[in-house]
$ cat query06.cif   # mmCIF, C-alpha atoms and all ligand atoms
data_protein
#
loop_
_atom_site.group_PDB
_atom_site.id
_atom_site.type_symbol
_atom_site.label_atom_id
_atom_site.label_comp_id
_atom_site.auth_asym_id
_atom_site.auth_seq_id
_atom_site.Cartn_x
_atom_site.Cartn_y
_atom_site.Cartn_z
ATOM 1 C CA MET P 1 34.230 32.487 47.674
ATOM 2 C CA LYS P 2 32.631 33.612 50.932
ATOM 3 C CA THR P 3 29.645 35.437 49.401
ATOM 4 C CA LYS P 4 26.527 33.313 48.905
ATOM 5 C CA ALA P 5 23.890 35.956 48.141
ATOM 6 C CA LEU P 6 23.385 39.411 46.693
ATOM 7 C CA ILE P 7 20.554 41.513 48.090
ATOM 8 C CA PHE P 8 19.519 44.422 45.897
ATOM 9 C CA ASP P 9 17.573 47.542 46.675
ATOM 10 C CA LEU P 10 15.198 48.299 43.773
ATOM 11 C CA ASP P 11 14.605 52.032 43.294
ATOM 12 C CA GLY P 12 17.904 53.652 42.306
ATOM 13 C CA VAL P 13 19.768 50.339 41.982
ATOM 14 C CA ILE P 14 17.815 48.239 39.482
ATOM 15 C CA VAL P 15 15.844 51.111 37.931
ATOM 16 C CA ASP P 16 15.724 54.897 38.226
ATOM 17 C CA THR P 17 12.272 55.663 39.617
ATOM 18 C CA ALA P 18 13.304 58.763 41.608
ATOM 19 C CA LYS P 19 12.042 60.952 38.757
ATOM 20 C CA PHE P 20 8.598 59.306 38.931
ATOM 21 C CA HIS P 21 8.480 59.736 42.717
ATOM 22 C CA PHE P 22 9.528 63.373 42.257
ATOM 23 C CA MET P 23 6.814 64.124 39.681
ATOM 24 C CA SER P 24 4.143 62.435 41.798
ATOM 25 C CA TRP P 25 5.077 64.123 45.100
ATOM 26 C CA LYS P 26 5.454 67.453 43.259
ATOM 27 C CA ALA P 27 1.942 67.192 41.782
ATOM 28 C CA LEU P 28 0.460 66.415 45.203
ATOM 29 C CA SER P 29 2.494 69.148 46.926
ATOM 30 C CA ASP P 30 1.473 71.759 44.328
ATOM 31 C CA GLU P 31 -2.163 70.810 44.789
ATOM 32 C CA LEU P 32 -1.847 71.196 48.567
ATOM 33 C CA GLY P 33 0.249 74.398 48.384
ATOM 34 C CA LEU P 34 3.272 72.653 49.926
ATOM 35 C CA PHE P 35 6.910 73.355 49.056
ATOM 36 C CA PHE P 36 8.715 70.432 47.410
ATOM 37 C CA ASP P 37 11.973 70.381 45.465
ATOM 38 C CA GLU P 38 14.773 68.004 44.378
ATOM 39 C CA ALA P 39 16.573 68.409 47.719
ATOM 40 C CA VAL P 40 13.492 67.276 49.639
ATOM 41 C CA ASN P 41 13.022 64.419 47.126
ATOM 42 C CA GLU P 42 16.586 63.286 47.878
ATOM 43 C CA ARG P 43 15.628 62.866 51.539
ATOM 44 C CA LEU P 44 12.831 60.467 50.553
ATOM 45 C CA LYS P 45 15.106 57.847 48.963
ATOM 46 C CA GLY P 46 14.760 54.531 50.778
ATOM 47 C CA VAL P 47 12.016 55.991 52.980
ATOM 48 C CA SER P 48 8.498 54.471 53.120
ATOM 49 C CA ARG P 49 5.529 56.167 51.442
ATOM 50 C CA MET P 50 3.892 57.495 54.635
ATOM 51 C CA LYS P 51 7.196 58.570 56.186
ATOM 52 C CA SER P 52 7.999 60.390 52.919
ATOM 53 C CA PHE P 53 4.767 62.386 53.158
ATOM 54 C CA GLU P 54 5.491 63.143 56.803
ATOM 55 C CA ILE P 55 8.903 64.536 55.827
ATOM 56 C CA ILE P 56 7.247 66.807 53.219
ATOM 57 C CA LEU P 57 4.759 68.007 55.854
ATOM 58 C CA GLU P 58 7.573 68.585 58.349
ATOM 59 C CA VAL P 59 9.589 70.635 55.821
ATOM 60 C CA ASN P 60 6.477 72.812 55.461
ATOM 61 C CA GLY P 61 5.777 73.061 59.203
ATOM 62 C CA ALA P 62 2.471 71.323 58.441
ATOM 63 C CA GLU P 63 2.821 68.201 60.597
ATOM 64 C CA ASP P 64 -0.662 68.634 62.113
ATOM 65 C CA ARG P 65 -2.556 69.773 59.021
ATOM 66 C CA PHE P 66 -4.095 66.400 58.119
ATOM 67 C CA SER P 67 -5.660 63.556 60.094
ATOM 68 C CA ASP P 68 -4.266 60.031 59.690
ATOM 69 C CA ALA P 69 -7.214 59.121 57.440
ATOM 70 C CA GLU P 70 -6.605 62.183 55.248
ATOM 71 C CA LYS P 71 -2.921 61.352 55.016
ATOM 72 C CA GLU P 72 -3.775 57.805 53.885
ATOM 73 C CA GLU P 73 -6.055 59.208 51.190
ATOM 74 C CA LEU P 74 -3.446 61.718 49.992
ATOM 75 C CA ILE P 75 -0.629 59.168 49.742
ATOM 76 C CA LYS P 76 -2.974 56.899 47.802
ATOM 77 C CA LYS P 77 -3.502 59.736 45.330
ATOM 78 C CA LYS P 78 0.282 60.201 45.012
ATOM 79 C CA ASN P 79 0.671 56.459 44.489
ATOM 80 C CA ASP P 80 -2.010 56.284 41.771
ATOM 81 C CA LEU P 81 -0.048 58.858 39.761
ATOM 82 C CA TYR P 82 3.258 57.077 40.518
ATOM 83 C CA VAL P 83 1.828 53.754 39.304
ATOM 84 C CA SER P 84 0.745 55.369 36.017
ATOM 85 C CA PHE P 85 4.396 56.381 35.455
ATOM 86 C CA VAL P 86 5.711 52.955 36.510
ATOM 87 C CA LYS P 87 3.495 51.312 33.883
ATOM 88 C CA THR P 88 5.566 53.023 31.168
ATOM 89 C CA LEU P 89 8.712 51.082 32.250
ATOM 90 C CA THR P 90 10.126 48.431 29.910
ATOM 91 C CA PRO P 91 13.086 45.999 30.186
ATOM 92 C CA ASP P 92 15.248 48.699 28.531
ATOM 93 C CA ASP P 93 14.866 50.811 31.682
ATOM 94 C CA MET P 94 17.002 48.539 33.849
ATOM 95 C CA LEU P 95 20.025 50.534 34.972
ATOM 96 C CA PRO P 96 23.263 49.893 33.027
ATOM 97 C CA GLY P 97 25.166 46.730 33.928
ATOM 98 C CA ILE P 98 22.587 45.385 36.374
ATOM 99 C CA ALA P 99 21.181 42.580 34.207
ATOM 100 C CA GLU P 100 24.713 41.380 33.344
ATOM 101 C CA PHE P 101 25.824 41.579 37.000
ATOM 102 C CA ILE P 102 22.862 39.444 38.106
ATOM 103 C CA GLU P 103 23.440 36.890 35.324
ATOM 104 C CA ARG P 104 27.099 36.614 36.305
ATOM 105 C CA ALA P 105 26.166 36.150 39.988
ATOM 106 C CA LYS P 106 23.653 33.436 39.169
ATOM 107 C CA GLY P 107 26.176 31.709 36.935
ATOM 108 C CA ALA P 108 28.535 31.644 39.929
ATOM 109 C CA GLY P 109 25.823 29.972 42.028
ATOM 110 C CA LEU P 110 24.873 33.012 44.120
ATOM 111 C CA LYS P 111 21.300 33.669 45.195
ATOM 112 C CA CYS P 112 19.722 37.060 44.434
ATOM 113 C CA ALA P 113 16.961 38.876 46.314
ATOM 114 C CA VAL P 114 15.253 42.267 46.347
ATOM 115 C CA ALA P 115 14.975 44.228 49.604
ATOM 116 C CA SER P 116 12.867 47.260 48.722
ATOM 117 C CA VAL P 117 10.568 49.207 51.048
ATOM 118 C CA SER P 118 8.388 49.893 47.989
ATOM 119 C CA LYS P 119 4.991 48.241 47.994
ATOM 120 C CA ASN P 120 5.141 48.621 44.201
ATOM 121 C CA ALA P 121 8.228 46.384 43.918
ATOM 122 C CA PRO P 122 6.391 43.433 42.276
ATOM 123 C CA LEU P 123 4.781 45.769 39.712
ATOM 124 C CA VAL P 124 8.093 47.530 38.934
ATOM 125 C CA LEU P 125 9.909 44.191 38.506
ATOM 126 C CA SER P 126 7.143 42.869 36.296
ATOM 127 C CA CYS P 127 7.240 45.972 34.040
ATOM 128 C CA LEU P 128 11.027 45.503 33.756
ATOM 129 C CA GLY P 129 10.521 41.818 32.896
ATOM 130 C CA ALA P 130 12.893 41.094 35.785
ATOM 131 C CA ALA P 131 10.711 39.273 38.329
ATOM 132 C CA ASP P 132 12.107 35.823 37.501
ATOM 133 C CA LYS P 133 15.719 36.955 37.887
ATOM 134 C CA PHE P 134 15.345 36.878 41.682
ATOM 135 C CA ASP P 135 15.087 33.954 44.098
ATOM 136 C CA TYR P 136 13.153 36.090 46.573
ATOM 137 C CA VAL P 137 11.435 39.492 46.658
ATOM 138 C CA ALA P 138 10.667 40.815 50.151
ATOM 139 C CA ASP P 139 7.106 41.967 50.774
ATOM 140 C CA ALA P 140 7.451 45.500 52.191
ATOM 141 C CA ALA P 141 3.915 45.340 53.593
ATOM 142 C CA LYS P 142 4.964 42.495 55.891
ATOM 143 C CA VAL P 143 8.153 44.072 57.227
ATOM 144 C CA GLU P 144 7.210 46.243 60.162
ATOM 145 C CA LYS P 145 10.400 48.248 60.654
ATOM 146 C CA SER P 146 11.494 50.091 57.531
ATOM 147 C CA LYS P 147 15.078 51.050 56.606
ATOM 148 C CA PRO P 148 17.370 52.111 58.344
ATOM 149 C CA ALA P 149 16.317 49.104 60.479
ATOM 150 C CA PRO P 150 18.047 45.926 59.200
ATOM 151 C CA ASP P 151 14.810 43.884 59.093
ATOM 152 C CA ILE P 152 14.133 43.772 55.329
ATOM 153 C CA PHE P 153 17.706 42.621 54.578
ATOM 154 C CA LEU P 154 17.520 40.006 57.344
ATOM 155 C CA VAL P 155 14.182 38.736 56.016
ATOM 156 C CA CYS P 156 15.818 38.241 52.589
ATOM 157 C CA ALA P 157 18.842 36.404 54.047
ATOM 158 C CA GLU P 158 16.561 34.122 56.020
ATOM 159 C CA ALA P 159 14.334 33.398 53.023
ATOM 160 C CA LEU P 160 17.420 32.511 50.959
ATOM 161 C CA GLY P 161 18.796 30.375 53.801
ATOM 162 C CA VAL P 162 22.057 32.341 53.860
ATOM 163 C CA ASP P 163 23.936 33.794 56.820
ATOM 164 C CA PRO P 164 23.857 37.658 56.782
ATOM 165 C CA ALA P 165 27.681 37.688 56.950
ATOM 166 C CA GLU P 166 27.686 35.859 53.588
ATOM 167 C CA CYS P 167 25.494 38.488 51.897
ATOM 168 C CA ILE P 168 26.347 41.650 49.993
ATOM 169 C CA GLY P 169 23.717 44.424 50.070
ATOM 170 C CA ILE P 170 23.542 46.982 47.256
ATOM 171 C CA GLU P 171 21.873 50.339 47.918
ATOM 172 C CA ASP P 172 21.621 53.934 46.671
ATOM 173 C CA ALA P 173 20.160 55.476 49.836
ATOM 174 C CA GLN P 174 21.791 56.348 53.135
ATOM 175 C CA ALA P 175 18.945 54.683 55.063
ATOM 176 C CA GLY P 176 19.637 51.513 53.075
ATOM 177 C CA ILE P 177 23.384 51.540 53.759
ATOM 178 C CA GLU P 178 22.618 51.826 57.464
ATOM 179 C CA ALA P 179 20.173 48.910 57.191
ATOM 180 C CA ILE P 180 22.776 46.714 55.422
ATOM 181 C CA LYS P 181 25.429 47.513 58.019
ATOM 182 C CA ALA P 182 23.023 46.885 60.899
ATOM 183 C CA ALA P 183 22.202 43.511 59.286
ATOM 184 C CA GLY P 184 25.901 42.593 59.455
ATOM 185 C CA MET P 185 26.286 42.472 55.660
ATOM 186 C CA PHE P 186 28.917 43.933 53.326
ATOM 187 C CA SER P 187 27.588 47.137 51.726
ATOM 188 C CA VAL P 188 27.952 48.447 48.195
ATOM 189 C CA GLY P 189 26.715 51.993 47.634
ATOM 190 C CA ILE P 190 25.583 53.373 44.275
ATOM 191 C CA ASN P 191 25.958 57.157 44.181
ATOM 192 C CA VAL P 192 24.807 57.553 47.794
ATOM 193 C CA THR P 193 24.446 61.054 49.227
ATOM 194 C CA VAL P 194 26.460 60.149 52.319
ATOM 195 C CA THR P 195 25.336 61.899 55.494
ATOM 196 C CA SER P 196 26.454 59.260 58.009
ATOM 197 C CA ALA P 197 27.927 55.762 57.530
ATOM 198 C CA GLU P 198 30.006 55.252 54.351
ATOM 199 C CA PRO P 199 29.330 52.131 52.273
ATOM 200 C CA ASP P 200 32.161 49.540 52.284
ATOM 201 C CA ILE P 201 32.511 50.074 48.519
ATOM 202 C CA HIS P 202 31.110 53.228 46.909
ATOM 203 C CA LEU P 203 30.467 53.366 43.143
ATOM 204 C CA LYS P 204 29.216 56.272 41.066
ATOM 205 C CA SER P 205 26.921 54.159 38.932
ATOM 206 C CA THR P 206 25.642 50.618 38.392
ATOM 207 C CA SER P 207 27.824 50.452 35.269
ATOM 208 C CA GLU P 208 30.803 50.161 37.673
ATOM 209 C CA LEU P 209 29.427 46.943 39.233
ATOM 210 C CA ASP P 210 32.306 44.602 38.349
ATOM 211 C CA PHE P 211 31.586 41.094 39.701
ATOM 212 C CA ASP P 212 35.279 40.158 39.967
ATOM 213 C CA LYS P 213 36.130 43.259 41.997
ATOM 214 C CA ILE P 214 33.110 43.298 44.293
ATOM 215 C CA VAL P 215 32.234 39.706 45.101
ATOM 216 C CA PHE P 216 34.720 37.982 47.379
HETATM 217 C C1 LIG X 1 11.819 53.323 48.055
HETATM 218 C C2 LIG X 1 12.058 54.661 47.403
HETATM 219 O O1 LIG X 1 12.450 52.311 47.328
HETATM 220 O O2 LIG X 1 10.423 53.049 48.127
HETATM 221 C C3 LIG X 1 11.306 55.735 48.175
HETATM 222 O O3 LIG X 1 13.440 54.953 47.415
HETATM 223 C C4 LIG X 1 9.825 55.372 48.259
HETATM 224 O O4 LIG X 1 11.488 56.981 47.558
HETATM 225 C C5 LIG X 1 9.677 54.002 48.891
HETATM 226 O O5 LIG X 1 9.133 56.338 49.042
HETATM 227 C C6 LIG X 1 8.227 53.537 48.998
HETATM 228 O O6 LIG X 1 7.742 53.291 47.722
HETATM 229 P P1 LIG X 1 6.249 52.993 47.337
HETATM 230 O O7 LIG X 1 6.362 52.506 45.912
HETATM 231 O O8 LIG X 1 5.742 51.922 48.264
HETATM 232 O O9 LIG X 1 5.484 54.258 47.477
HETATM 233 MG MG MG X 2 16.851 52.996 46.584
#

$ encode --input "query06.cif" --output "structure tokens"
Amino acid sequence: MKTKALIFDLDGVIVDTAKFHFMSWKALSDELGLFFDEAVNERLKGVSRMKSFEIILEVNGAEDRFSDAEKEELIKKKNDLYVSFVKTLTPDDMLPGIAEFIERAKGAGLKCAVASVSKNAPLVLSCLGAADKFDYVADAAKVEKSKPAPDIFLVCAEALGVDPAECIGIEDAQAGIEAIKAAGMFSVGINVTVTSAEPDIHLKSTSELDFDKIVF
């Protein structure tokens, strides 16, 4: 077997947090009189917190409405609400098939890591009781260039001591698929809204993650 490591995105791959992000951005947008809907939320998948807010402002033609300090304060407010939703997560909220897929991979001697641009990744994993399933969890705060740059996937490969060509990246966002490809890894997409590069394998849901068909 060529594959030595699996590198997972978190939001949308291990757990569905898009609804929590939606509710939190919607509350902030309503308070500020900004338009925000599911289609805009879709564009925020795999995108960092500040960049997400900048997209919402851009959609509203309000790029210059707030200073950098105000923007920092507003995204903190969004995050406080988001964290209150995250704290309701339990191990039952892991997406279907994921826990079994990881167990199978570990049994086969593969390393597993998390490459999420979320600064809440450690909290989310801890609420899911999943932190100890992974050999490495990238610290988004320390990775300068966010997805679609390959950096966070490369940081994981390096930390695991595995060549990028021996890694499979699993993502639900277009920005993430681009990052995996740019890192020189094999990409598995989970229900990606494809607007540019197609994943090497594209599945509708995590329940289709079949170790024998995907890992080579
Ligand atoms: C990504 C999500 O995983 O993390 C994005 O797909 C989110 O929607 C990003 O904006 C940053 O998350 P956080 O938790 O640091 O605000
Ligand atoms: Mg994601």

$ resolve_selection --input "query06.cif" --expression "the PyMOL selection byres (((chain P and resi 133) around 9) and not hetatm)" --output "list in words"
Ala99, Ile102, Glu103, Lys106, Cys112, Ala113, Gly129, Ala130, Ala131, Asp132, Phe134 and Asp135 of chain P

$ atom_distance --input "query06.cif" --atom1 "atom CA of P:Asp212" --atom2 "atom CA of P:Phe101"
10.0 Å

$ atom_distance --input "query06.cif" --atom1 "atom CA of P:His202" --atom2 "atom CA of P:Asp172"
9.5 Å

$ atom_distance --input "query06.cif" --atom1 "atom CA of P:Cys167" --atom2 "atom CA of P:Pro199"
14.2 Å

$ resolve_selection --input "query06.cif" --expression "the PyMOL selection byres (((chain P and resi 215) around 12) and not hetatm)" --output "PyMOL selection string"
chain P and resi 1-6+101-102+104-105+108+110+166-170+186-188+201+209-214+216

$ residues_around --input "query06.cif" --residues "stretch 79-82 of chain P" --least-positions-apart "2" --cutoff "7 Å" --atoms "only C-alpha atoms" --output "ChimeraX atom specification"
/P:20-21,24,75-77,84-86

$ residues_near_ligand --input "query06.cif" --ligand "ligand MG 2 (chain X)" --cutoff "8 Å" --atoms "only C-alpha atoms and all ligand atoms" --output "list of chain:residue names"
P:Asp9, P:Leu10, P:Asp11, P:Gly12, P:Val13, P:Lys45, P:Gly46, P:Ser116, P:Glu171, P:Asp172, P:Ala173, P:Gly176

$ resolve_selection --input "query06.cif" --expression "the PyMOL selection byres (((chain P and resi 25) around 12) and not hetatm)" --output "ChimeraX atom specification"
/P:18-24,26-38,40-42,44,49-50,52-57,74-82

$ closest_residue --input "query06.cif" --among "P:Met94, P:Ala165, P:Val83, P:Met185" --to "P:Leu128" --atoms "all atoms listed in the file"
P:Met94

$ closest_residue --input "query06.cif" --among "P:Ser207, P:Ser126, P:Gln174, P:Ser67" --to "ligand LIG 1 (chain X)" --atoms "all atoms listed in the file"
P:Gln174

$ residues_around --input "query06.cif" --residues "P:Ala115" --least-positions-apart "6" --cutoff "9 Å" --atoms "all atoms listed in the file" --output "PyMOL selection string"
chain P and resi 7-10+136-140+152-153+155-156+169

$ closest_residue --input "query06.cif" --among "P:Val117, P:Gly61, P:Glu100, P:Pro91" --to "ligand LIG 1 (chain X)" --atoms "all atoms listed in the file"
P:Val117

$ axis_aligned_box --input "query06.cif" --around "ligand LIG 1 (chain X)" --padding-each-side "5 Å" --output "JSON"
{"center_x": 9.5, "center_y": 54.5, "center_z": 47.5, "size_x": 18.0, "size_y": 15.1, "size_z": 13.1}

$ closest_residue --input "query06.cif" --among "P:Gly189, P:Thr88, P:Asp163, P:Gly109" --to "P:Thr17" --atoms "only C-alpha atoms"
P:Thr88

$ closest_residue --input "query06.cif" --among "P:Val114, P:Asp16, P:Ser48, P:Ala197" --to "P:Lys145" --atoms "all atoms listed in the file"
P:Ser48

$ closest_residue --input "query06.cif" --among "P:Arg65, P:Lys111, P:Lys87, P:Lys204" --to "P:Ala159" --atoms "all atoms listed in the file"
P:Lys111

$ build_atoms --input "query06.cif" --residues "stretch 70-88 of chain P" --atoms "N, CA, C and O atoms" --output "short mmCIF file (atom, residue, chain, number, x, y, z; two decimals), in the frame of the given file"
data_model
loop_
_atom_site.label_atom_id
_atom_site.label_comp_id
_atom_site.auth_asym_id
_atom_site.auth_seq_id
_atom_site.Cartn_x
_atom_site.Cartn_y
_atom_site.Cartn_z
N GLU P 70 -6.86 61.29 56.40
CA GLU P 70 -6.60 62.18 55.25
C GLU P 70 -5.24 61.90 54.63
O GLU P 70 -5.07 61.88 53.41
N LYS P 71 -4.27 61.65 55.52
CA LYS P 71 -2.92 61.35 55.02
C LYS P 71 -2.94 60.08 54.17
O LYS P 71 -2.31 60.02 53.11
N GLU P 72 -3.67 59.07 54.64
CA GLU P 72 -3.78 57.80 53.88
C GLU P 72 -4.36 58.07 52.50
O GLU P 72 -3.90 57.53 51.49
N GLU P 73 -5.39 58.91 52.46
CA GLU P 73 -6.06 59.21 51.19
C GLU P 73 -5.11 59.96 50.24
O GLU P 73 -5.05 59.68 49.05
N LEU P 74 -4.35 60.90 50.81
CA LEU P 74 -3.45 61.72 49.99
C LEU P 74 -2.28 60.88 49.45
O LEU P 74 -1.90 61.03 48.28
N ILE P 75 -1.75 59.97 50.27
CA ILE P 75 -0.63 59.17 49.74
C ILE P 75 -1.14 58.15 48.72
O ILE P 75 -0.39 57.75 47.82
N LYS P 76 -2.41 57.80 48.81
CA LYS P 76 -2.97 56.90 47.80
C LYS P 76 -3.04 57.64 46.46
O LYS P 76 -2.73 57.09 45.40
N LYS P 77 -3.41 58.91 46.54
CA LYS P 77 -3.50 59.74 45.33
C LYS P 77 -2.11 59.85 44.69
O LYS P 77 -1.96 59.72 43.47
N LYS P 78 -1.10 60.12 45.53
CA LYS P 78 0.28 60.20 45.01
C LYS P 78 0.65 58.88 44.35
O LYS P 78 1.25 58.84 43.28
N ASN P 79 0.27 57.77 45.02
CA ASN P 79 0.67 56.46 44.49
C ASN P 79 -0.03 56.14 43.17
O ASN P 79 0.57 55.54 42.28
N ASP P 80 -1.29 56.55 43.03
CA ASP P 80 -2.01 56.28 41.77
C ASP P 80 -1.27 56.93 40.60
O ASP P 80 -1.12 56.33 39.54
N LEU P 81 -0.79 58.16 40.82
CA LEU P 81 -0.05 58.86 39.76
C LEU P 81 1.28 58.14 39.52
O LEU P 81 1.68 57.89 38.37
N TYR P 82 1.97 57.77 40.62
CA TYR P 82 3.26 57.08 40.52
C TYR P 82 3.11 55.78 39.71
O TYR P 82 3.91 55.50 38.81
N VAL P 83 2.05 55.03 40.01
CA VAL P 83 1.83 53.75 39.30
C VAL P 83 1.62 53.99 37.80
O VAL P 83 2.10 53.22 36.96
N SER P 84 0.95 55.10 37.45
CA SER P 84 0.74 55.37 36.02
C SER P 84 2.09 55.62 35.33
O SER P 84 2.27 55.25 34.17
N PHE P 85 3.05 56.20 36.03
CA PHE P 85 4.40 56.38 35.46
C PHE P 85 5.13 55.03 35.38
O PHE P 85 5.79 54.72 34.40
N VAL P 86 5.02 54.25 36.46
CA VAL P 86 5.71 52.96 36.51
C VAL P 86 5.29 52.07 35.34
O VAL P 86 6.10 51.35 34.75
N LYS P 87 4.01 52.17 34.96
CA LYS P 87 3.50 51.31 33.88
C LYS P 87 4.13 51.61 32.53
O LYS P 87 3.94 50.86 31.58
N THR P 88 4.88 52.71 32.43
CA THR P 88 5.57 53.02 31.17
C THR P 88 6.95 52.35 31.11
O THR P 88 7.62 52.41 30.08
#
